[in-house]
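Visitor: If you scroll down you'll find the structure; I have some questions about it.
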Amino acid sequence: MHSSHAKEFPLNKAQLEAVNSLEGPVLVVAGAGTGKTRVIEYRVLNLIQHNVEPERILLLTFTRKAARQMIDRASRHNINCQKVDGGTFHSFAYRLIQKYHKKLGFSEVFSFIDEADAEEALGLLSTQLGFRDSPPGGGRKERFPKKDTLRSILSMSFNRSEKIVDIIQKEYPQFLEVYHDIEELKDAYIKYKLERRLIDYDDMLLYLKILLEDEFIREDLSRKYQYIMVDEFQDTNKLQGEIVYLLGKSHGNILAVGDDTQSIYSFRGAYYKNMFDFPKRFPRTKIIKLEENYRSYQPILDLANAVIEEEAHKYTKVLHAVREGGEKPKLSFFKDAHDEAGWVARKIRELYNEGAALNKISVLYRSNHLSLPLQMELAKLNIPFVVYGGIRFIETAHVKDVLAFLRITHNFRDELSWHRILSLLEGVGPKTAGKIVNELAKGQGVIFEMADFKQKKFFGELTRLLNLIRLLGGEGKDVSEMLDKALDFYYPLMKDKFDDYQKRADDLKALLEVSAEYSNLSEFLADFVALEPPQRSVSEINPHAKHDELPLVLSTIHSAKGLEWDTVFVIALSDGCLPVTYALDDDEAIEEECRLLYVAVTRAKNNLYLSMHNEGFNSGISSFNKVSRFLNTKNVLAKIDSDFSRLVPENDWQSDSDEDSYDINKPYHTKSSLYRRLRSF
DNA sequence: GTTTACGCATCCCCG
DNA sequence: ATGCGTAAAC
């Protein structure tokens, strides 16, 4: 995708300056499609040509894939680039925590836990602390947040470095009365994690920062990593900003690349002001702006520039197209989501018939559920597609179940995993599972002597389970072999638990294949439990199982960041879908929605199709939508060709009207009304 | 006392 | 599709 550019265009002046600024702090403000990947690629190369050892270079990126890609690209010129150290903040943290765990007081093994585990722990603790009980008087129940809300409150407070009470005030004012309980819960949760040697997602960053505050460790790392580059700097959070500062403190050889107009992750704590703080923290910072866009035709950039013009806080920059030509983006209106989806699907079929490759086309949308009608239409037309984002592979129940076996083997005190597996046995619920876990904590053998359990009908199964765990523990090395044994135990249980047994069994087979690439368990678990997994969904592992074609891409705008396609469709561009309704009463949230549209638009290289449907159907209530406020200004509309002709296409309405002359052959339902009815079940 | 089955509401974006 | 509360079943 990118390689053709490398040949067509030499580095421009600004890019060259960034590539040649090897010493000291540099901030590259890089607009969409301005070749920041190339800058990093060539700067790595340049460093190595200046006799910097590749091991002295650290590249921190937003996804592991991005790090891999940049290192691979630099390696085409010089194979030594493969030795450059790179990854996400979390994977970097993970490695350092492993190396220095004793400094942190983890004398023995520790486990990383994911969000679902964290939520389970929080649910458990709130019950224990009595926060979930209804008051004795029998009156109205006092409202206490559910566990996923609790986790999100704690996580927000952590990632934004704000007090819990402030978060609640702003995001969940309905729980203001119980904020004290939530703070108590937070303490209990912290204790819970420490006692069981658990590290959750947020802890990783904090532990990394704590390690970096240790002067000895910091100096050690500064010697090891003499040149540091950070990508997607606009989406780092405050803590990550501090981590970057600490990493560069002694030598100041830090280059950060980012685009404040593409900051779209504030919901998880991203703090785009890190971009503005960088020059303050590193006073000698050289700021370089990249404004020449190599990706899109000018008409597409005209729209992008117009959309972002209203933004209040930003580094001013205007994108200029290097590639000449192209047409105005089109905006089409449809009656409902079904019509819109049908048109998009047919249009894609048309492009395909004209010779376009499906994987050079994408459809982008704000929220996952907006792609459902389209998925149906694409299936009808037999167009293969992959869906980016959505439920991730490791978050599905069956994968979590199986991984729980391995996690226990890795850390016998992983109560959450014990709980999960024990509950699989027939006749074991939360209470019994809790009792067994308590007994196990005393020593593994005890359980067999418990008269209590001996009589229960699940005792046989329990014995088998414990033997299996012991066997797995003894096995030691081979991950896929361990997984295989766990699957033998799990398959029969799974048959009862899920109706779609076969589909899930296929997933697990895929997991087994992936596991063969790992030589040790903790590496495997780290990848699949705490860090960004190598694969996000099964369809991505094996995208063309059915077709020879590389599939069309459906993606949320968030997941599309950093990617590009020849042709891009952005659908559901109505006020309420983008910006989403819940953002409406918050100015900063609305600004972020605007940047989201900017990101979506700038993904397109050649053609951009925008669309929306007028008739919405949100949570059972029909509504009539207007076009997104970000498009509905004179300036922006001037950059678009609007097409209203699709609004009243097939005679969808008339059949409902004349009830007097009832005709049995006359359709009462229309395609779209049927669709709505069916969807409501 | 516990487990389980069932109906109900809810679901934004993600490392 | 998941998770909760309630009611029946073990």
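We name chains A, B, ... following the order of the structure tokens; residues begin at 1 in each chain, and ligands are numbered from 1 as shown.
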Show which residues sit within 10 Å of DC12 (chain B), as JSON, numbers by chain. Count only C-alpha atoms (C1' of nucleotides), and ignore same-chain residues fewer than 2 positions away.
Guide: {"A": [267, 366, 367, 368, 369, 556, 577, 580, 582]}
Visitor: Can I get the selected residues back with C-alpha atoms, as an mmCIF file, in the first residue's frame?
Guide:
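So part.cif came out as:
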data_model
loop_
_atom_site.group_PDB
_atom_site.id
_atom_site.type_symbol
_atom_site.label_atom_id
_atom_site.label_comp_id
_atom_site.auth_asym_id
_atom_site.auth_seq_id
_atom_site.Cartn_x
_atom_site.Cartn_y
_atom_site.Cartn_z
ATOM 1 C CA PHE A 267 -12.833 8.239 26.417
ATOM 2 C CA ARG A 366 -19.189 5.337 14.334
ATOM 3 C CA SER A 367 -20.641 2.392 16.235
ATOM 4 C CA ASN A 368 -20.489 -1.299 15.637
ATOM 5 C CA HIS A 369 -24.205 -1.916 15.460
ATOM 6 C CA THR A 556 -15.330 1.451 13.184
ATOM 7 C CA CYS A 577 -25.024 8.668 14.987
ATOM 8 C CA VAL A 580 -23.545 10.175 18.980
ATOM 9 C CA TYR A 582 -24.647 10.878 24.463
#
Visitor: Quick one: everything within 12 Å of DA9 (chain C), counting only C-alpha atoms (C1' of nucleotides), minus sequence neighbours fewer than 6 positions away in the same chain. Send it as number ranges by chain.
Guide: B: 2-5
Visitor: Any chance you could export the current selection's C-alpha atoms (C1' of nucleotides) as an mmCIF file, in the first residue's frame?
Guide:
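Written file, out_5.cif:
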data_model
loop_
_atom_site.group_PDB
_atom_site.id
_atom_site.type_symbol
_atom_site.label_atom_id
_atom_site.label_comp_id
_atom_site.auth_asym_id
_atom_site.auth_seq_id
_atom_site.Cartn_x
_atom_site.Cartn_y
_atom_site.Cartn_z
ATOM 1 C "C1'" DT B 2 -27.851 -23.210 46.233
ATOM 2 C "C1'" DT B 3 -28.197 -23.786 41.588
ATOM 3 C "C1'" DT B 4 -30.247 -23.096 37.331
ATOM 4 C "C1'" DA B 5 -33.540 -21.619 33.901
#
Visitor: Give me, as a ChimeraX atom specification, the residues of region 286-484 of chain A that a backbone DSSP run labels strand (DSSP E).
Guide: /A:286-290,292-293,320-321,330-336,361-365,385-387
Visitor: Those residues with C-alpha atoms, as a JSON list (two decimals), in the first residue's frame please?
Guide:
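Here's the written file selection-v8.json:
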[["chain", "number", "residue", "atom", "x", "y", "z"],
["A", 286, "LYS", "CA", 12.31, 21.41, 17.63],
["A", 287, "ILE", "CA", 8.79, 21.44, 16.20],
["A", 288, "ILE", "CA", 8.32, 20.19, 12.67],
["A", 289, "LYS", "CA", 5.02, 20.28, 10.80],
["A", 290, "LEU", "CA", 4.14, 17.90, 8.00],
["A", 292, "GLU", "CA", 1.98, 17.68, 2.39],
["A", 293, "ASN", "CA", -0.48, 14.87, 1.99],
["A", 320, "HIS", "CA", -2.19, 20.01, 0.71],
["A", 321, "ALA", "CA", -2.52, 17.19, -1.76],
["A", 330, "LYS", "CA", -20.62, 12.51, -2.53],
["A", 331, "LEU", "CA", -23.27, 12.55, 0.15],
["A", 332, "SER", "CA", -26.34, 10.39, -0.41],
["A", 333, "PHE", "CA", -29.55, 10.36, 1.62],
["A", 334, "PHE", "CA", -31.68, 7.32, 2.24],
["A", 335, "LYS", "CA", -34.98, 6.63, 3.86],
["A", 336, "ASP", "CA", -33.76, 4.06, 6.34],
["A", 361, "ILE", "CA", -12.44, -0.62, -0.22],
["A", 362, "SER", "CA", -13.74, -0.01, 3.27],
["A", 363, "VAL", "CA", -16.93, 1.01, 4.96],
["A", 364, "LEU", "CA", -16.54, 3.08, 8.12],
["A", 365, "TYR", "CA", -19.05, 3.91, 10.84],
["A", 385, "PHE", "CA", -15.86, -8.98, 4.29],
["A", 386, "VAL", "CA", -13.99, -8.72, 7.57],
["A", 387, "VAL", "CA", -15.15, -6.69, 10.51]]
Visitor: Counting only C-alpha atoms (C1' of nucleotides), which of A:Tyr42, A:Tyr189, A:Tyr172, A:Tyr388 gets nearest to chain B?
Guide: A:Tyr388
Visitor: Identify which of the residues A:Ala356, A:Ile153, A:Ile590, A:Met204 lies closest to Gly269 (chain A), counting only C-alpha atoms when measuring atom-to-atom distances.
Guide: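 Among A:Ala356, A:Ile153, A:Ile590, A:Met204, it is A:Ile153 that comes nearest to Gly269 (chain A).
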Visitor: Residues of chain C within 10 Å of chain A, using only C-alpha atoms (C1' of nucleotides), as a PyMOL selection string?
Guide: chain C and resi 1-4+10
Visitor: Those same residues - C-alpha atoms (C1' of nucleotides) - I'd like them written as a PDB file, in the first residue's frame.
Guide:
ATOM      1  C1'  DA C   1     -24.779 -11.191  22.653  1.00  0.00           C
ATOM      2  C1'  DT C   2     -24.115 -10.477  27.994  1.00  0.00           C
ATOM      3  C1'  DG C   3     -25.750  -9.680  32.550  1.00  0.00           C
ATOM      4  C1'  DC C   4     -29.037  -8.960  35.801  1.00  0.00           C
ATOM      5  C1'  DC C  10     -32.315 -29.649  43.165  1.00  0.00           C
TER       6       DC C  10
END
